[in-house]
Amino acid sequence: MKECASLAREGYETHLVITATANEVRAALLQGIVLHPLEKPRGRFSRMLRQTWRCFRIAKTIDADAYHFHDPELIPFGIIFSLMGKHVIYDVHENLPQDILSKDWIPEWARKFIARIADGVETFSARHFFSVIGATPTISERFKRVNPKSIDINNYPILHELDFDGGYKEKTNEICYIGGISKIRGIGELVKALELTKLDVRLNLAGIFSDPVAEKDARQSEGWSRVTELGFLDRGGVRKVLGRSMAGLVTLHPVENYLDALPVKMFEYMAAGIPSIASNFPLWKEIVEGNGCGICVDPLNPIEISEAIDYLLSNPEEAISMGARGRAAIEGKFNWKNEEVKLLSFYREIIGK
């Protein structure tokens, strides 16, 4: 949506085909975006097959100069548009082959085979697209060997979208996690850490479980009594949660797909002026500890997570300083305004406007 809003403000006729509610359609129109809503799919395979066909049919009627898509399920239709002479941009937010290796719903014996197929399909397709946009430098580098026009446009937060106007000292002992919830995203260790904290702390949990087993285990854990479950939140809801939380958690497991990722939630915590408790991956340590805006821990160690929570809640002045340094890093480097410049320059190359 950020990319669409930036392009619309620049004067491009911008269409977005996506699962959306009536309210989201109206909100998009206010930003100059024509939103074509898709019905919510009934399951994973419905989304991968029927939903992609509906998306293609709508996109084809628009007859755009450029087609910009994210979901790898749309790759075959991207090739069709490319053969029709359209500029096609594949916007990649994850290392798909590595992501497949961590999918619990795929039988373990089949993951490597499927991952190899996905890698081959992406590599072949990238040669035929105008460009590939990577959400991180690591992703864009992966595609540059087959498509030299590949660039990175990082999904950093919009300045002032998550500003908190209240005072930090008025916050209570609340922390937050915002995003998808699953085993490899650390929900088990996080709930266990709540059992081990010395302080009376509550976790604002905003997101949807994608892992039924992890959900069952989490709900049966003693630490679940300290969880305030919020479900999926819109941007206004996210802002409120960040505003009342003293720290944000992003303790994802050390799977290959996460080591070089740039998690949106971590930068949103920084934008909101609260410290992060993050996994101790080298890249994340460089960002979090390098900017003095949080604490990095072993994501598989609930004791380390609990100690980091206790430290920040017991030292509010230090937490305030960390939050301020994180906010300064967002204003100086990790913000959408800087990435928007790259996006608009890229589109001027395509369309010449």
# chains A, B, ... in the order shown; residues from 1 in each chain; ligands from 1
call {"tool": "residues_around", "arguments": {"residues": "region 277-287 of chain A", "least_positions_apart": "2", "cutoff": "9 Å", "atoms": "only C-alpha atoms", "output": "number ranges by chain"}}
result
A: 247-254, 258-262, 266, 275, 289-300, 305, 308-309
call {"tool": "write_last_selection", "arguments": {"atoms": "N, CA and C atoms", "output": "compact mmCIF listing (two decimals), in the first residue's frame"}}
result
# COMPACT_ATOMS: atom_id res chain seq x y z
N ALA A 247 8.06 -1.72 25.51
CA ALA A 247 9.07 -2.35 24.65
C ALA A 247 8.36 -3.24 23.64
N GLY A 248 9.04 -3.52 22.52
CA GLY A 248 8.49 -4.41 21.50
C GLY A 248 9.41 -5.60 21.30
N LEU A 249 8.83 -6.74 21.04
CA LEU A 249 9.60 -7.97 20.88
C LEU A 249 9.60 -8.47 19.45
N VAL A 250 10.75 -8.93 18.99
CA VAL A 250 10.89 -9.53 17.67
C VAL A 250 11.95 -10.62 17.80
N THR A 251 11.56 -11.71 18.50
CA THR A 251 12.50 -12.79 18.82
C THR A 251 12.23 -14.00 17.92
N LEU A 252 12.44 -13.81 16.64
CA LEU A 252 12.23 -14.87 15.66
C LEU A 252 13.35 -15.91 15.76
N HIS A 253 13.03 -17.14 15.41
CA HIS A 253 14.01 -18.22 15.47
C HIS A 253 15.09 -18.05 14.41
N PRO A 254 16.28 -18.60 14.65
CA PRO A 254 17.39 -18.44 13.70
C PRO A 254 17.29 -19.38 12.50
N TYR A 258 15.28 -15.83 8.08
CA TYR A 258 15.18 -14.67 8.96
C TYR A 258 16.51 -13.96 9.21
N LEU A 259 17.63 -14.68 9.00
CA LEU A 259 18.92 -14.14 9.41
C LEU A 259 19.26 -12.82 8.72
N ASP A 260 18.88 -12.67 7.45
CA ASP A 260 19.17 -11.44 6.70
C ASP A 260 17.92 -10.62 6.43
N ALA A 261 16.83 -10.96 7.13
CA ALA A 261 15.59 -10.22 6.93
C ALA A 261 15.64 -8.87 7.65
N LEU A 262 14.78 -7.96 7.21
CA LEU A 262 14.62 -6.66 7.87
C LEU A 262 13.17 -6.58 8.34
N MET A 266 10.27 -4.52 13.80
CA MET A 266 11.41 -3.95 14.53
C MET A 266 11.54 -2.45 14.25
N PRO A 275 12.05 0.74 22.87
CA PRO A 275 13.17 -0.16 22.61
C PRO A 275 12.70 -1.52 22.11
N GLU A 289 21.66 -2.94 18.46
CA GLU A 289 22.71 -2.54 19.40
C GLU A 289 23.63 -1.48 18.79
N GLY A 290 23.80 -1.53 17.47
CA GLY A 290 24.61 -0.51 16.81
C GLY A 290 24.04 0.88 16.95
N ASN A 291 22.72 0.97 17.03
CA ASN A 291 22.06 2.26 17.23
C ASN A 291 21.63 2.49 18.68
N GLY A 292 21.99 1.55 19.56
CA GLY A 292 21.69 1.70 20.98
C GLY A 292 20.21 1.79 21.28
N CYS A 293 19.40 1.03 20.52
CA CYS A 293 17.95 1.18 20.67
C CYS A 293 17.25 -0.08 21.15
N GLY A 294 17.99 -0.96 21.81
CA GLY A 294 17.35 -2.15 22.34
C GLY A 294 18.35 -3.17 22.81
N ILE A 295 17.87 -4.38 23.04
CA ILE A 295 18.69 -5.48 23.55
C ILE A 295 18.51 -6.69 22.64
N CYS A 296 19.59 -7.35 22.28
CA CYS A 296 19.52 -8.56 21.48
C CYS A 296 19.75 -9.78 22.37
N VAL A 297 18.96 -10.81 22.14
CA VAL A 297 18.99 -12.01 22.98
C VAL A 297 18.99 -13.26 22.12
N ASP A 298 19.31 -14.38 22.75
CA ASP A 298 19.15 -15.67 22.10
C ASP A 298 17.65 -15.96 22.04
N PRO A 299 17.05 -16.01 20.85
CA PRO A 299 15.60 -16.17 20.75
C PRO A 299 15.10 -17.54 21.23
N LEU A 300 16.01 -18.48 21.38
CA LEU A 300 15.63 -19.82 21.85
C LEU A 300 15.76 -19.96 23.37
N ILE A 305 15.28 -13.76 27.34
CA ILE A 305 14.17 -12.88 26.97
C ILE A 305 13.55 -12.26 28.21
N ALA A 308 15.77 -9.55 29.72
CA ALA A 308 15.73 -8.30 28.94
C ALA A 308 14.45 -7.52 29.24
N ILE A 309 13.32 -8.24 29.36
CA ILE A 309 12.05 -7.59 29.71
C ILE A 309 12.15 -6.92 31.06
call {"tool": "residues_around", "arguments": {"residues": "Asn154 (chain A)", "least_positions_apart": "3", "cutoff": "10 Å", "atoms": "only C-alpha atoms", "output": "list in words"}}
result
His93, Ile133, Gly134, Ala135, Thr136, Pro137, Ile151, Pro157, Leu262, Val264, Phe334, Asn335, Trp336, Asn338, Glu339, Glu340, Lys342 and Leu343 of chain A
call {"tool": "closest_residue", "arguments": {"among": "A:Leu190, A:Ala126, A:Ile181, A:Leu35", "to": "Asn23 (chain A)", "atoms": "only C-alpha atoms"}}
result
A:Leu35
call {"tool": "closest_residue", "arguments": {"among": "A:Gln98, A:Thr138, A:Thr14, A:Asn173", "to": "Asn315 (chain A)", "atoms": "only C-alpha atoms"}}
result
A:Asn173
call {"tool": "select_by_dssp", "arguments": {"residues": "region 63-277 of chain A", "states": "helix (DSSP H, G or I)", "output": "ChimeraX atom specification"}}
result
/A:72-83,96-101,108-128,137-144,168-170,187-196,212-220,222-226,235-244,256-259,264-271
call {"tool": "atom_distance", "arguments": {"atom1": "CA of Gln51 (chain A)", "atom2": "CA of Glu73 (chain A)"}}
result
9.5 Å
call {"tool": "residues_around", "arguments": {"residues": "Gly11 (chain A)", "least_positions_apart": "3", "cutoff": "12 Å", "atoms": "only C-alpha atoms", "output": "compact mmCIF listing (two decimals) with N, CA and C atoms, in the first residue's frame"}}
result
# COMPACT_ATOMS: atom_id res chain seq x y z
N CYS A 4 1.95 1.99 -3.51
CA CYS A 4 0.82 2.51 -4.30
C CYS A 4 0.54 3.97 -3.95
N ALA A 5 0.54 4.28 -2.65
CA ALA A 5 0.26 5.65 -2.21
C ALA A 5 1.31 6.62 -2.75
N SER A 6 2.57 6.21 -2.72
CA SER A 6 3.64 7.07 -3.23
C SER A 6 3.49 7.31 -4.73
N LEU A 7 3.15 6.26 -5.48
CA LEU A 7 2.98 6.40 -6.92
C LEU A 7 1.77 7.25 -7.26
N ALA A 8 0.70 7.08 -6.50
CA ALA A 8 -0.51 7.88 -6.75
C ALA A 8 -0.24 9.36 -6.49
N THR A 14 -3.02 4.59 -10.42
CA THR A 14 -2.58 3.42 -9.65
C THR A 14 -3.76 2.55 -9.27
N GLN A 31 -6.51 8.12 -0.97
CA GLN A 31 -5.09 8.27 -1.31
C GLN A 31 -4.85 8.26 -2.81
N GLY A 32 -5.94 8.26 -3.58
CA GLY A 32 -5.82 8.29 -5.03
C GLY A 32 -5.60 6.92 -5.66
N ILE A 33 -5.87 5.86 -4.91
CA ILE A 33 -5.66 4.50 -5.40
C ILE A 33 -7.01 3.87 -5.74
N LEU A 344 10.27 6.04 -6.99
CA LEU A 344 9.83 6.97 -8.03
C LEU A 344 10.85 7.09 -9.16
N TYR A 347 10.35 4.07 -11.34
CA TYR A 347 9.18 4.14 -12.22
C TYR A 347 9.37 5.17 -13.33
N ARG A 348 10.12 6.20 -13.08
CA ARG A 348 10.42 7.16 -14.17
C ARG A 348 11.21 6.47 -15.27
N ILE A 351 8.35 4.21 -17.13
CA ILE A 351 7.25 4.87 -17.85
C ILE A 351 7.69 6.21 -18.44
N LYS A 353 7.91 9.15 -16.82
CA LYS A 353 7.16 10.30 -16.31
C LYS A 353 7.92 10.96 -15.19
call {"tool": "closest_residue", "arguments": {"among": "A:Thr21, A:Ser210, A:Asn257, A:Asn95", "to": "Gly179 (chain A)", "atoms": "only C-alpha atoms"}}
result
A:Ser210
call {"tool": "residues_around", "arguments": {"residues": "region 216-230 of chain A", "least_positions_apart": "2", "cutoff": "8 Å", "atoms": "only C-alpha atoms", "output": "PyMOL selection string"}}
result
chain A and resi 187-188+191-195+201-207+212-214+232-233
call {"tool": "write_last_selection", "arguments": {"atoms": "N, CA and C atoms", "output": "short mmCIF file (atom, residue, chain, number, x, y, z; two decimals), in the first residue's frame"}}
result
data_model
loop_
_atom_site.label_atom_id
_atom_site.label_comp_id
_atom_site.auth_asym_id
_atom_site.auth_seq_id
_atom_site.Cartn_x
_atom_site.Cartn_y
_atom_site.Cartn_z
N ILE A 187 6.78 -17.69 19.48
CA ILE A 187 5.70 -17.53 20.44
C ILE A 187 5.90 -18.42 21.67
N GLY A 188 6.45 -19.63 21.49
CA GLY A 188 6.65 -20.53 22.62
C GLY A 188 7.60 -19.97 23.64
N VAL A 191 6.07 -16.76 25.46
CA VAL A 191 5.09 -17.05 26.53
C VAL A 191 5.81 -17.65 27.73
N LYS A 192 6.81 -18.51 27.49
CA LYS A 192 7.59 -19.07 28.59
C LYS A 192 8.32 -17.97 29.35
N ALA A 193 8.85 -16.98 28.62
CA ALA A 193 9.55 -15.86 29.27
C ALA A 193 8.64 -15.09 30.21
N LEU A 194 7.35 -15.01 29.85
CA LEU A 194 6.40 -14.31 30.73
C LEU A 194 6.27 -15.02 32.08
N GLU A 195 6.42 -16.34 32.09
CA GLU A 195 6.39 -17.07 33.36
C GLU A 195 7.59 -16.74 34.23
N VAL A 201 4.16 -8.30 34.35
CA VAL A 201 4.14 -7.70 33.02
C VAL A 201 3.05 -8.35 32.18
N ARG A 202 2.46 -7.57 31.26
CA ARG A 202 1.49 -8.11 30.32
C ARG A 202 2.00 -7.92 28.90
N LEU A 203 1.71 -8.94 28.09
CA LEU A 203 2.09 -8.90 26.68
C LEU A 203 0.88 -8.58 25.83
N ASN A 204 0.96 -7.48 25.07
CA ASN A 204 -0.06 -7.16 24.07
C ASN A 204 0.30 -7.92 22.79
N LEU A 205 -0.47 -8.97 22.49
CA LEU A 205 -0.18 -9.85 21.36
C LEU A 205 -1.11 -9.50 20.21
N ALA A 206 -0.55 -8.87 19.17
CA ALA A 206 -1.35 -8.42 18.03
C ALA A 206 -0.96 -9.21 16.79
N GLY A 207 -1.87 -10.03 16.31
CA GLY A 207 -1.59 -10.83 15.14
C GLY A 207 -2.45 -12.08 15.12
N PRO A 212 -1.48 -24.02 14.23
CA PRO A 212 -2.43 -24.53 15.23
C PRO A 212 -1.77 -25.22 16.42
N VAL A 213 -0.69 -25.94 16.18
CA VAL A 213 0.00 -26.63 17.27
C VAL A 213 0.64 -25.62 18.22
N ALA A 214 1.30 -24.61 17.65
CA ALA A 214 1.90 -23.58 18.48
C ALA A 214 0.84 -22.81 19.25
N PHE A 232 -5.88 -9.40 14.80
CA PHE A 232 -5.36 -8.51 13.76
C PHE A 232 -5.81 -7.07 14.04
N LEU A 233 -4.87 -6.13 13.92
CA LEU A 233 -5.17 -4.72 14.15
C LEU A 233 -4.90 -3.90 12.90
#
call {"tool": "select_by_dssp", "arguments": {"residues": "region 18-199 of chain A", "states": "strand (DSSP E or B)", "output": "PyMOL selection string"}}
result
chain A and resi 18-19+33-38+66-69+87-92+131-134+151-152+174-178+181
call {"tool": "write_last_selection", "arguments": {"atoms": "N, CA and C atoms", "output": "PDB file, in the first residue's frame"}}
result
ATOM      1  N   ILE A  18      -6.505  -6.641  -4.538  1.00  0.00           N
ATOM      2  CA  ILE A  18      -6.154  -7.239  -3.246  1.00  0.00           C
ATOM      3  C   ILE A  18      -7.423  -7.617  -2.487  1.00  0.00           C
ATOM      4  N   THR A  19      -7.316  -8.562  -1.576  1.00  0.00           N
ATOM      5  CA  THR A  19      -8.422  -8.856  -0.673  1.00  0.00           C
ATOM      6  C   THR A  19      -8.647  -7.646   0.223  1.00  0.00           C
ATOM      7  N   ILE A  33      -5.865   5.860  -4.908  1.00  0.00           N
ATOM      8  CA  ILE A  33      -5.658   4.495  -5.402  1.00  0.00           C
ATOM      9  C   ILE A  33      -7.006   3.873  -5.745  1.00  0.00           C
ATOM     10  N   VAL A  34      -7.110   3.277  -6.926  1.00  0.00           N
ATOM     11  CA  VAL A  34      -8.315   2.545  -7.301  1.00  0.00           C
ATOM     12  C   VAL A  34      -8.127   1.103  -6.829  1.00  0.00           C
ATOM     13  N   LEU A  35      -8.879   0.705  -5.823  1.00  0.00           N
ATOM     14  CA  LEU A  35      -8.711  -0.616  -5.246  1.00  0.00           C
ATOM     15  C   LEU A  35      -9.774  -1.566  -5.799  1.00  0.00           C
ATOM     16  N   HIS A  36      -9.329  -2.693  -6.319  1.00  0.00           N
ATOM     17  CA  HIS A  36     -10.226  -3.717  -6.855  1.00  0.00           C
ATOM     18  C   HIS A  36     -10.271  -4.862  -5.843  1.00  0.00           C
ATOM     19  N   PRO A  37     -11.331  -4.955  -5.048  1.00  0.00           N
ATOM     20  CA  PRO A  37     -11.340  -5.939  -3.960  1.00  0.00           C
ATOM     21  C   PRO A  37     -11.599  -7.362  -4.433  1.00  0.00           C
ATOM     22  N   LEU A  38     -10.856  -8.281  -3.861  1.00  0.00           N
ATOM     23  CA  LEU A  38     -11.075  -9.701  -4.072  1.00  0.00           C
ATOM     24  C   LEU A  38     -11.771 -10.277  -2.839  1.00  0.00           C
ATOM     25  N   ALA A  66       2.498  -0.996 -16.603  1.00  0.00           N
ATOM     26  CA  ALA A  66       3.387  -1.795 -15.755  1.00  0.00           C
ATOM     27  C   ALA A  66       2.552  -2.600 -14.771  1.00  0.00           C
ATOM     28  N   TYR A  67       2.983  -3.833 -14.551  1.00  0.00           N
ATOM     29  CA  TYR A  67       2.334  -4.712 -13.580  1.00  0.00           C
ATOM     30  C   TYR A  67       3.354  -5.048 -12.485  1.00  0.00           C
ATOM     31  N   HIS A  68       2.979  -4.726 -11.268  1.00  0.00           N
ATOM     32  CA  HIS A  68       3.872  -4.833 -10.116  1.00  0.00           C
ATOM     33  C   HIS A  68       3.209  -5.787  -9.122  1.00  0.00           C
ATOM     34  N   PHE A  69       3.818  -6.945  -8.875  1.00  0.00           N
ATOM     35  CA  PHE A  69       3.155  -7.924  -8.015  1.00  0.00           C
ATOM     36  C   PHE A  69       4.112  -8.478  -6.962  1.00  0.00           C
ATOM     37  N   HIS A  87       5.588  -4.055 -18.928  1.00  0.00           N
ATOM     38  CA  HIS A  87       6.678  -4.022 -17.957  1.00  0.00           C
ATOM     39  C   HIS A  87       6.206  -4.743 -16.693  1.00  0.00           C
ATOM     40  N   VAL A  88       6.917  -5.773 -16.306  1.00  0.00           N
ATOM     41  CA  VAL A  88       6.520  -6.579 -15.151  1.00  0.00           C
ATOM     42  C   VAL A  88       7.591  -6.488 -14.071  1.00  0.00           C
ATOM     43  N   ILE A  89       7.155  -6.155 -12.859  1.00  0.00           N
ATOM     44  CA  ILE A  89       8.056  -6.042 -11.716  1.00  0.00           C
ATOM     45  C   ILE A  89       7.649  -7.051 -10.659  1.00  0.00           C
ATOM     46  N   TYR A  90       8.562  -7.906 -10.296  1.00  0.00           N
ATOM     47  CA  TYR A  90       8.334  -8.892  -9.242  1.00  0.00           C
ATOM     48  C   TYR A  90       8.929  -8.326  -7.960  1.00  0.00           C
ATOM     49  N   ASP A  91       8.085  -8.049  -6.988  1.00  0.00           N
ATOM     50  CA  ASP A  91       8.495  -7.427  -5.731  1.00  0.00           C
ATOM     51  C   ASP A  91       8.598  -8.524  -4.671  1.00  0.00           C
ATOM     52  N   VAL A  92       9.813  -8.869  -4.284  1.00  0.00           N
ATOM     53  CA  VAL A  92      10.059 -10.044  -3.443  1.00  0.00           C
ATOM     54  C   VAL A  92      10.330  -9.624  -2.001  1.00  0.00           C
ATOM     55  N   SER A 131      12.180  -6.068 -14.072  1.00  0.00           N
ATOM     56  CA  SER A 131      13.053  -5.944 -12.918  1.00  0.00           C
ATOM     57  C   SER A 131      12.505  -6.762 -11.761  1.00  0.00           C
ATOM     58  N   VAL A 132      13.368  -7.000 -10.794  1.00  0.00           N
ATOM     59  CA  VAL A 132      12.971  -7.588  -9.520  1.00  0.00           C
ATOM     60  C   VAL A 132      13.326  -6.595  -8.426  1.00  0.00           C
ATOM     61  N   ILE A 133      12.359  -6.310  -7.564  1.00  0.00           N
ATOM     62  CA  ILE A 133      12.599  -5.450  -6.408  1.00  0.00           C
ATOM     63  C   ILE A 133      12.709  -6.345  -5.181  1.00  0.00           C
ATOM     64  N   GLY A 134      13.801  -6.229  -4.467  1.00  0.00           N
ATOM     65  CA  GLY A 134      13.977  -6.984  -3.230  1.00  0.00           C
ATOM     66  C   GLY A 134      13.688  -6.103  -2.032  1.00  0.00           C
ATOM     67  N   ILE A 151      16.792  -4.212  -7.962  1.00  0.00           N
ATOM     68  CA  ILE A 151      17.159  -3.206  -6.963  1.00  0.00           C
ATOM     69  C   ILE A 151      16.506  -3.586  -5.635  1.00  0.00           C
ATOM     70  N   ASP A 152      16.933  -2.915  -4.573  1.00  0.00           N
ATOM     71  CA  ASP A 152      16.269  -3.119  -3.289  1.00  0.00           C
ATOM     72  C   ASP A 152      15.515  -1.847  -2.892  1.00  0.00           C
ATOM     73  N   GLU A 174       3.617  -2.949  30.259  1.00  0.00           N
ATOM     74  CA  GLU A 174       3.122  -3.669  29.096  1.00  0.00           C
ATOM     75  C   GLU A 174       4.203  -3.709  28.021  1.00  0.00           C
ATOM     76  N   ILE A 175       4.300  -4.846  27.367  1.00  0.00           N
ATOM     77  CA  ILE A 175       5.190  -5.002  26.225  1.00  0.00           C
ATOM     78  C   ILE A 175       4.335  -5.495  25.054  1.00  0.00           C
ATOM     79  N   CYS A 176       4.894  -5.559  23.872  1.00  0.00           N
ATOM     80  CA  CYS A 176       4.057  -5.959  22.736  1.00  0.00           C
ATOM     81  C   CYS A 176       4.825  -6.808  21.734  1.00  0.00           C
ATOM     82  N   TYR A 177       4.066  -7.604  21.027  1.00  0.00           N
ATOM     83  CA  TYR A 177       4.532  -8.299  19.833  1.00  0.00           C
ATOM     84  C   TYR A 177       3.482  -8.058  18.764  1.00  0.00           C
ATOM     85  N   ILE A 178       3.912  -7.627  17.562  1.00  0.00           N
ATOM     86  CA  ILE A 178       2.996  -7.339  16.469  1.00  0.00           C
ATOM     87  C   ILE A 178       3.464  -8.093  15.231  1.00  0.00           C
ATOM     88  N   ILE A 181       1.993 -14.980  14.029  1.00  0.00           N
ATOM     89  CA  ILE A 181       2.319 -15.735  15.241  1.00  0.00           C
ATOM     90  C   ILE A 181       2.482 -17.213  14.885  1.00  0.00           C
TER      91      ILE A 181
END
call {"tool": "atom_distance", "arguments": {"atom1": "CA of Ile330 (chain A)", "atom2": "CA of Ser345 (chain A)"}}
result
21.7 Å
call {"tool": "closest_residue", "arguments": {"among": "A:Ile208, A:Leu29, A:Leu162, A:Ala22", "to": "Leu242 (chain A)", "atoms": "only C-alpha atoms"}}
result
A:Leu162
call {"tool": "residues_around", "arguments": {"residues": "Arg54 (chain A)", "least_positions_apart": "5", "cutoff": "12 Å", "atoms": "only C-alpha atoms", "output": "MDAnalysis selection string"}}
result
chainID A and resid 17:19 36:41 46:49 59:61 74 77
call {"tool": "residues_around", "arguments": {"residues": "Lys112 (chain A)", "least_positions_apart": "3", "cutoff": "7 Å", "atoms": "only C-alpha atoms", "output": "PyMOL selection string"}}
result
chain A and resi 101+115-116
call {"tool": "decode", "arguments": {"residues": "region 301-327 of chain A", "atoms": "N, CA and C atoms", "output": "PDB file, in the first residue's frame"}}
result
ATOM      1  N   ASN A 301      16.147 -18.874  24.032  1.00  0.00           N
ATOM      2  CA  ASN A 301      16.397 -18.908  25.471  1.00  0.00           C
ATOM      3  C   ASN A 301      15.396 -18.011  26.207  1.00  0.00           C
ATOM      4  N   PRO A 302      14.329 -18.580  26.762  1.00  0.00           N
ATOM      5  CA  PRO A 302      13.328 -17.763  27.464  1.00  0.00           C
ATOM      6  C   PRO A 302      13.900 -16.985  28.647  1.00  0.00           C
ATOM      7  N   ILE A 303      14.962 -17.519  29.272  1.00  0.00           N
ATOM      8  CA  ILE A 303      15.561 -16.813  30.406  1.00  0.00           C
ATOM      9  C   ILE A 303      16.146 -15.486  29.954  1.00  0.00           C
ATOM     10  N   GLU A 304      16.881 -15.499  28.826  1.00  0.00           N
ATOM     11  CA  GLU A 304      17.454 -14.246  28.309  1.00  0.00           C
ATOM     12  C   GLU A 304      16.352 -13.256  27.940  1.00  0.00           C
ATOM     13  N   ILE A 305      15.285 -13.760  27.344  1.00  0.00           N
ATOM     14  CA  ILE A 305      14.174 -12.876  26.968  1.00  0.00           C
ATOM     15  C   ILE A 305      13.552 -12.256  28.211  1.00  0.00           C
ATOM     16  N   SER A 306      13.324 -13.068  29.238  1.00  0.00           N
ATOM     17  CA  SER A 306      12.705 -12.553  30.478  1.00  0.00           C
ATOM     18  C   SER A 306      13.606 -11.534  31.164  1.00  0.00           C
ATOM     19  N   GLU A 307      14.915 -11.780  31.144  1.00  0.00           N
ATOM     20  CA  GLU A 307      15.848 -10.836  31.778  1.00  0.00           C
ATOM     21  C   GLU A 307      15.868  -9.501  31.041  1.00  0.00           C
ATOM     22  N   ALA A 308      15.767  -9.550  29.721  1.00  0.00           N
ATOM     23  CA  ALA A 308      15.725  -8.304  28.941  1.00  0.00           C
ATOM     24  C   ALA A 308      14.446  -7.524  29.236  1.00  0.00           C
ATOM     25  N   ILE A 309      13.316  -8.243  29.361  1.00  0.00           N
ATOM     26  CA  ILE A 309      12.047  -7.590  29.706  1.00  0.00           C
ATOM     27  C   ILE A 309      12.152  -6.921  31.063  1.00  0.00           C
ATOM     28  N   ASP A 310      12.649  -7.668  32.055  1.00  0.00           N
ATOM     29  CA  ASP A 310      12.783  -7.129  33.411  1.00  0.00           C
ATOM     30  C   ASP A 310      13.701  -5.918  33.436  1.00  0.00           C
ATOM     31  N   TYR A 311      14.797  -5.975  32.659  1.00  0.00           N
ATOM     32  CA  TYR A 311      15.748  -4.869  32.667  1.00  0.00           C
ATOM     33  C   TYR A 311      15.108  -3.586  32.148  1.00  0.00           C
ATOM     34  N   LEU A 312      14.428  -3.672  31.033  1.00  0.00           N
ATOM     35  CA  LEU A 312      13.832  -2.469  30.450  1.00  0.00           C
ATOM     36  C   LEU A 312      12.723  -1.897  31.321  1.00  0.00           C
ATOM     37  N   LEU A 313      11.913  -2.766  31.897  1.00  0.00           N
ATOM     38  CA  LEU A 313      10.828  -2.285  32.750  1.00  0.00           C
ATOM     39  C   LEU A 313      11.336  -1.747  34.076  1.00  0.00           C
ATOM     40  N   SER A 314      12.485  -2.250  34.534  1.00  0.00           N
ATOM     41  CA  SER A 314      13.065  -1.785  35.798  1.00  0.00           C
ATOM     42  C   SER A 314      13.921  -0.540  35.621  1.00  0.00           C
ATOM     43  N   ASN A 315      14.262  -0.220  34.372  1.00  0.00           N
ATOM     44  CA  ASN A 315      15.125   0.941  34.087  1.00  0.00           C
ATOM     45  C   ASN A 315      14.461   1.830  33.043  1.00  0.00           C
ATOM     46  N   PRO A 316      13.375   2.484  33.422  1.00  0.00           N
ATOM     47  CA  PRO A 316      12.620   3.272  32.438  1.00  0.00           C
ATOM     48  C   PRO A 316      13.424   4.399  31.796  1.00  0.00           C
ATOM     49  N   GLU A 317      14.356   4.996  32.543  1.00  0.00           N
ATOM     50  CA  GLU A 317      15.149   6.078  31.950  1.00  0.00           C
ATOM     51  C   GLU A 317      16.005   5.557  30.800  1.00  0.00           C
ATOM     52  N   GLU A 318      16.607   4.375  31.005  1.00  0.00           N
ATOM     53  CA  GLU A 318      17.409   3.776  29.940  1.00  0.00           C
ATOM     54  C   GLU A 318      16.519   3.369  28.770  1.00  0.00           C
ATOM     55  N   ALA A 319      15.323   2.855  29.087  1.00  0.00           N
ATOM     56  CA  ALA A 319      14.391   2.484  28.022  1.00  0.00           C
ATOM     57  C   ALA A 319      13.974   3.704  27.214  1.00  0.00           C
ATOM     58  N   ILE A 320      13.758   4.826  27.887  1.00  0.00           N
ATOM     59  CA  ILE A 320      13.404   6.071  27.198  1.00  0.00           C
ATOM     60  C   ILE A 320      14.532   6.492  26.256  1.00  0.00           C
ATOM     61  N   SER A 321      15.774   6.405  26.747  1.00  0.00           N
ATOM     62  CA  SER A 321      16.927   6.781  25.918  1.00  0.00           C
ATOM     63  C   SER A 321      17.066   5.874  24.709  1.00  0.00           C
ATOM     64  N   MET A 322      16.855   4.571  24.927  1.00  0.00           N
ATOM     65  CA  MET A 322      16.913   3.632  23.806  1.00  0.00           C
ATOM     66  C   MET A 322      15.846   3.953  22.768  1.00  0.00           C
ATOM     67  N   GLY A 323      14.632   4.233  23.262  1.00  0.00           N
ATOM     68  CA  GLY A 323      13.548   4.565  22.351  1.00  0.00           C
ATOM     69  C   GLY A 323      13.848   5.811  21.541  1.00  0.00           C
ATOM     70  N   ALA A 324      14.438   6.809  22.191  1.00  0.00           N
ATOM     71  CA  ALA A 324      14.780   8.059  21.500  1.00  0.00           C
ATOM     72  C   ALA A 324      15.850   7.816  20.438  1.00  0.00           C
ATOM     73  N   ARG A 325      16.817   6.971  20.757  1.00  0.00           N
ATOM     74  CA  ARG A 325      17.863   6.675  19.772  1.00  0.00           C
ATOM     75  C   ARG A 325      17.297   5.892  18.590  1.00  0.00           C
ATOM     76  N   GLY A 326      16.358   5.005  18.869  1.00  0.00           N
ATOM     77  CA  GLY A 326      15.710   4.277  17.779  1.00  0.00           C
ATOM     78  C   GLY A 326      14.937   5.213  16.868  1.00  0.00           C
ATOM     79  N   ARG A 327      14.215   6.144  17.477  1.00  0.00           N
ATOM     80  CA  ARG A 327      13.454   7.113  16.693  1.00  0.00           C
ATOM     81  C   ARG A 327      14.389   7.976  15.841  1.00  0.00           C
TER      82      ARG A 327
END
